[in-house]
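For reference, the structure discussed in these notes is given below.
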Amino acid sequence: MVRVVDAEHFLPGGELPDDPRVRRHALRIARFIEYGGPLRPGQTREALIECPCKPKRRACSGLLWVRKTPEDRIEAFCPSCRSLQYVISNWQGTLWAEGPMEPLDRVLPATVRRPLRRGARAGNRHSRCIGQSGDREGTRPDCAASGVVAARGS
Ligand SMILES: [Zn+2]
């Protein structure tokens, strides 16, 4: 089943929603944007995202690929089971449109690293929050919710 998605619907304001009921799906869409956003139209790349399909009731072992269409949409598809999963539009204003964040030259303070939930990676989205949020003294609502607070004055 192809899901035609307007990214703004799942990532309001270009960010992850706090609502846990939609956050998981929003994260999935954000990952496709992160992989596919930097591509030029017509380019494609593999994403480390498992295919959710179960053809003939057996889990597909394929990984999804993303493709940038000539219309500047991002498609996610599985070459193994040949399923088109997503067509994403209106993704350009999201936090992930330019791909993975740039590496940081410093280690995050322990007080920042510790509260990251299992599965979250230091040096990924949370550290992107640091330095982009001067109007809130280094915090953003999604980071504050998970206990991550940017180090000040560093
Ligand atoms: Zn598949």
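Order determines the names: the first chain of the structure tokens is A, the second B, and so forth; residues in each chain are numbered 1 upward, and ligands are numbered 1 upward as they are shown.
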Exercise for the section: Mind checking which residues fall within 10 Å of Ile33 (chain A), counting only C-alpha atoms, ignoring those fewer than 5 positions away in the same chain, and posting them as number ranges by chain? Expected result: A: 7, 27-28, 38-39, 66, 68, 73-76, 88-89, 91-92, 94-100
Dump as a tab-separated table the rows for residues of chain A within 10 Å of ligand 1: closest atom pair and distance in Å with one decimal, only C-alpha atoms and all ligand atoms counted, ordered by chain and rising residue number.
```
residue	atom	partner	partner_atom_place_in_ligand_line	distance
A:Glu50	CA	ligand 1	1 (Zn)	7.8
A:Cys51	CA	ligand 1	1 (Zn)	4.6
A:Pro52	CA	ligand 1	1 (Zn)	6.6
A:Cys53	CA	ligand 1	1 (Zn)	5.2
A:Lys54	CA	ligand 1	1 (Zn)	7.4
A:Pro55	CA	ligand 1	1 (Zn)	7.8
A:Ala59	CA	ligand 1	1 (Zn)	7.9
A:Cys60	CA	ligand 1	1 (Zn)	4.6
A:Ser61	CA	ligand 1	1 (Zn)	6.4
A:Gly62	CA	ligand 1	1 (Zn)	4.8
A:Leu63	CA	ligand 1	1 (Zn)	6.8
A:Leu64	CA	ligand 1	1 (Zn)	7.1
A:Trp65	CA	ligand 1	1 (Zn)	10.0
A:Phe77	CA	ligand 1	1 (Zn)	7.7
A:Cys78	CA	ligand 1	1 (Zn)	4.6
A:Pro79	CA	ligand 1	1 (Zn)	6.6
A:Ser80	CA	ligand 1	1 (Zn)	5.0
A:Cys81	CA	ligand 1	1 (Zn)	4.1
A:Arg82	CA	ligand 1	1 (Zn)	6.4
A:Ser83	CA	ligand 1	1 (Zn)	6.2
A:Leu84	CA	ligand 1	1 (Zn)	8.9
A:Gln85	CA	ligand 1	1 (Zn)	9.1
```
Handout entry: For Glu8 (chain A): contacts at 8 Å, only C-alpha atoms, fewer than 5 positions along chain excluded, given as a list in words
Key =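 What passes the distance filter is Gly13, Gly14, Asn90 and Trp91 of chain A.
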Exercise for the section: To one decimal in Å, tell me the separation between CA of Ile49 (chain A) and CA of Gly93 (chain A). Expected result: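 These two atoms are separated by 22.3 Å.
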Problem - Among listed residues A:Thr69, A:Val87, A:Pro17, A:Arg40, nearest Met1 (chain A) (using only C-alpha atoms) - result: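 When distances to Met1 (chain A) are compared using only C-alpha atoms, the smallest one comes from A:Val87.
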Practice task
Just the residues within 9 Å of Ile29 (chain A), please, counting only C-alpha atoms, with nothing from its chain fewer than 4 positions along; format it as a PyMOL selection string.
Solution key: chain A and resi 5+7+10-11+24-25+33-34+86+88
Handout entry: All strand (DSSP E) residues (DSSP, backbone) inside region 14-127 of chain A, as JSON, numbers by chain
Key = {"A": [44, 45, 46, 47, 48, 49, 50, 63, 64, 65, 66, 67, 68, 74, 75, 76, 77, 78, 83, 84, 85, 86, 87, 88, 89]}
Limited to C-alpha atoms, could you put the picked residues into a file as an mmCIF file, in the first residue's frame?
```cif
data_model
loop_
_atom_site.group_PDB
_atom_site.id
_atom_site.type_symbol
_atom_site.label_atom_id
_atom_site.label_comp_id
_atom_site.auth_asym_id
_atom_site.auth_seq_id
_atom_site.Cartn_x
_atom_site.Cartn_y
_atom_site.Cartn_z
ATOM 1 C CA THR A 44 18.319 7.028 -5.267
ATOM 2 C CA ARG A 45 20.009 5.484 -2.231
ATOM 3 C CA GLU A 46 19.565 2.694 0.266
ATOM 4 C CA ALA A 47 18.211 3.557 3.685
ATOM 5 C CA LEU A 48 18.859 1.474 6.786
ATOM 6 C CA ILE A 49 15.147 1.062 7.289
ATOM 7 C CA GLU A 50 13.551 -2.350 7.244
ATOM 8 C CA LEU A 63 15.852 -2.580 3.166
ATOM 9 C CA LEU A 64 13.975 0.395 1.818
ATOM 10 C CA TRP A 65 15.485 2.736 -0.745
ATOM 11 C CA VAL A 66 14.623 6.367 -1.276
ATOM 12 C CA ARG A 67 14.395 8.187 -4.586
ATOM 13 C CA LYS A 68 14.009 11.863 -5.403
ATOM 14 C CA ILE A 74 10.687 11.566 -1.978
ATOM 15 C CA GLU A 75 9.632 8.009 -2.655
ATOM 16 C CA ALA A 76 10.477 5.064 -0.419
ATOM 17 C CA PHE A 77 10.397 1.639 -1.990
ATOM 18 C CA CYS A 78 11.616 -1.885 -1.425
ATOM 19 C CA SER A 83 6.661 -2.402 -3.144
ATOM 20 C CA LEU A 84 6.335 1.356 -3.200
ATOM 21 C CA GLN A 85 5.787 2.408 0.407
ATOM 22 C CA TYR A 86 5.695 6.202 0.565
ATOM 23 C CA VAL A 87 5.453 9.254 -1.623
ATOM 24 C CA ILE A 88 6.361 12.298 0.460
ATOM 25 C CA SER A 89 5.747 15.882 -0.558
#
```
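Separating CA of Arg23 (chain A) from CA of Arg57 (chain A) is a distance of 26.9 Å.
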